[in-house]
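Colleague: Below is a structure I'd like to ask you about.
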Amino acid sequence: MPVQDLPMPPSPAPTSPAIGGDNDDEAWVWAQIRAEARRDADSEPALASYLYSTIISHSSLSRSLSFHLGNKLCSSTLLSTLLYDLFLNTHSSDPSLRSATVADLRASRIRDPACTSFSHCLLNYKGFLAIQAHRVAHKLWAQNRKPLALALQSRIADVFSVDIHPGARIGKGILLDHATGVVIGETAVVGNNVSILHHVTLGGTGKAGGDRHPKIGDGVLIGAGATILGNVRIGEGAKIGAGSLVLNDVPPWTTAVGNPARLVGGKEQPKIHEDVPGESMDHTSFISHWSDYVI
C-alpha cells in the first residue's frame, strides 16, 4: 500500500521546501526538530540539559530517537546502551524505518491540534514512541529473533501502556492518539495513514490460531474504545465510531457505529463519505439528527 504524500502542517509550523526524496524529507524534519529544541531550551532553562542530551547533541533523527527510546525502555537488566545500539543499527540498515518515522511525525503534527511541534511529538507522544519501538520489534520478529522481540514488546507495554504483538504489520503515517490501552494482535495488519485512538483493540475471537486478527485499510479512523475482533477487513477510508464492537467486514468509505456495530445508512445502501477520516479526524459528521443521540 503506497504512502500518500502528506501536506505540511499549517502555520505556525514552517513550510517545507520542495521534497526531492525520503532523505531530503528526513533532513528537513530533523532540522525543524533541532531548531525547536534550541528555541525551547532558550525559553525554558530547566529543560536545557534534557533537550541537549536527547536532541541537540545528536547528528541525526535516528540517533536522537534511538537514544530517547533506549532511555525510556531500559530496565535494570535491559540496558539503555544495548537498546540504543539495537535501535540505531536497525534504523541504519533499513531506510524504510526512517521514512516511516518521518511519516508518523507528520501524522501527529498535522492531525492532532494538541501537538505543538515535531520535537514535542518526538519527546512526549507515547503513541509515536510505541510505534517506533514496535517497528524494531517487528524487524526482530521477521529475523526469527523472537525472544528479543517479545521482550521488547513487554517493555513497550510496561512503559507506554500500548501492547502490539511484534508480528503485527503496521504501515506509515500512523497516529496513536493518546494511545493508552491500545492492543493489536499478532496477525493484524494496519495500512497507511490510519488514526487509532485510545483503548482500541484489534483482537482475536478466542483460542483459534492462524490468521485471526483484523486487517485495517489505508486512511481508516478508529474511535476511542472501539473493539474489532477476528480476521475481518475494515475497508479503505472507513470510520469506526467510538465504543463500537465490530465482528464483520466494513466496506470502504463507510461508517460503522454501535455495539454490535451497524453501518450508517443501512447494510444495503450505507452512507458513503468522501473525506479520508484517518487524516481528517472527523468523528461526528455521520450524525445527521443530534436528537437521535441525546439521552
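Each chain of the C-alpha cells is named A, B, ... in the order shown, its residues numbered from 1; ligands are numbered from 1 in display order.
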Using only C-alpha atoms, determine which residues lie at most 12 Å from Gly185 of chain A, disregarding the query and same-chain residues fewer than 2 positions distant; provide the list as a PyMOL selection string.

Modeller: chain A and resi 153+162-170+182-183+187-190+200-206+209-215+227-231

Colleague: Keeping C-alpha atoms, export the residues of the selection given above as a short mmCIF file (atom, residue, chain, number, x, y, z; two decimals), in the first residue's frame.

Modeller:
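Written out: result.cif:
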data_model
loop_
_atom_site.label_atom_id
_atom_site.label_comp_id
_atom_site.auth_asym_id
_atom_site.auth_seq_id
_atom_site.Cartn_x
_atom_site.Cartn_y
_atom_site.Cartn_z
CA GLN A 153 7.01 -5.91 23.32
CA VAL A 162 0.47 0.00 24.35
CA ASP A 163 0.53 -3.73 23.61
CA ILE A 164 1.38 -4.53 19.98
CA HIS A 165 2.48 -8.04 19.13
CA PRO A 166 5.78 -7.92 17.20
CA GLY A 167 4.22 -10.00 14.43
CA ALA A 168 1.67 -7.30 13.60
CA ARG A 169 2.31 -5.37 10.39
CA ILE A 170 1.81 -1.62 10.58
CA VAL A 182 -4.25 0.08 22.52
CA VAL A 183 -3.95 -3.67 21.84
CA THR A 187 -1.71 -11.31 12.66
CA ALA A 188 -3.25 -7.84 12.48
CA VAL A 189 -2.38 -5.61 9.51
CA VAL A 190 -2.76 -1.82 9.68
CA VAL A 200 -8.79 0.33 20.82
CA THR A 201 -8.46 -3.44 20.47
CA LEU A 202 -7.62 -5.25 17.24
CA GLY A 203 -8.01 -8.75 18.63
CA GLY A 204 -8.98 -12.34 18.02
CA THR A 205 -12.26 -14.06 18.87
CA GLY A 206 -10.93 -16.82 21.10
CA GLY A 209 -4.71 -19.96 15.88
CA GLY A 210 -3.60 -18.85 12.43
CA ASP A 211 -4.65 -15.66 10.69
CA ARG A 212 -7.10 -14.39 13.30
CA HIS A 213 -6.81 -10.61 13.64
CA PRO A 214 -8.29 -7.61 11.80
CA LYS A 215 -6.97 -6.11 8.56
CA THR A 227 -13.12 -3.22 19.56
CA ILE A 228 -12.58 -5.08 16.28
CA LEU A 229 -12.37 -8.86 16.62
CA GLY A 230 -11.43 -11.65 14.24
CA ASN A 231 -9.99 -11.83 10.73
#

Colleague: Quick check for you: according to DSSP on this backbone, which residues of segment 102-133 of chain A are classed as alpha helix (DSSP H)? Reply as a list in words.

Modeller: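 After running DSSP on the backbone, segment 102-133 of chain A has alpha helix (DSSP H) at Val102, Ala103, Asp104, Leu105, Arg106, Ala107, Ser108, Arg109, Ile110, Arg111, Phe118, Ser119, His120, Cys121, Leu122, Leu123, Asn124, Lys126, Gly127, Phe128, Leu129, Ala130, Ile131, Gln132 and Ala133 of chain A.
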
Colleague: Quote the spacing between atom CA of Ser93 of chain A and atom CA of Asn193 of chain A in Å to one decimal place.

Modeller: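 Interatomic distance here is 23.9 Å.
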
Colleague: Just give me the gap between atom CA of Val246 of chain A and atom CA of Leu152 of chain A in Å, one decimal is fine.

Modeller: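 Interatomic distance, atom CA of Val246 of chain A to atom CA of Leu152 of chain A: 29.2 Å.
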
Colleague: Which segment 77-188 of chain A residues have any atom within 12 Å of an atom of segment 38-55 of chain A, and for each, what is the nearest pair of atoms with distance in Å to one decimal, counting only C-alpha atoms, rows sorted by chain and number, as JSON lines?

Modeller:
{"residue": "A:Thr116", "atom": "CA", "partner": "A:Asp40", "partner_atom": "CA", "distance": 11.7}
{"residue": "A:Ser117", "atom": "CA", "partner": "A:Asp40", "partner_atom": "CA", "distance": 10.5}
{"residue": "A:Phe118", "atom": "CA", "partner": "A:Ile55", "partner_atom": "CA", "distance": 11.5}
{"residue": "A:Ser119", "atom": "CA", "partner": "A:Ile55", "partner_atom": "CA", "distance": 8.4}
{"residue": "A:His120", "atom": "CA", "partner": "A:Asp40", "partner_atom": "CA", "distance": 10.0}
{"residue": "A:Leu122", "atom": "CA", "partner": "A:Ile55", "partner_atom": "CA", "distance": 9.3}
{"residue": "A:Leu123", "atom": "CA", "partner": "A:Thr54", "partner_atom": "CA", "distance": 8.2}
{"residue": "A:Asn124", "atom": "CA", "partner": "A:Thr54", "partner_atom": "CA", "distance": 11.6}
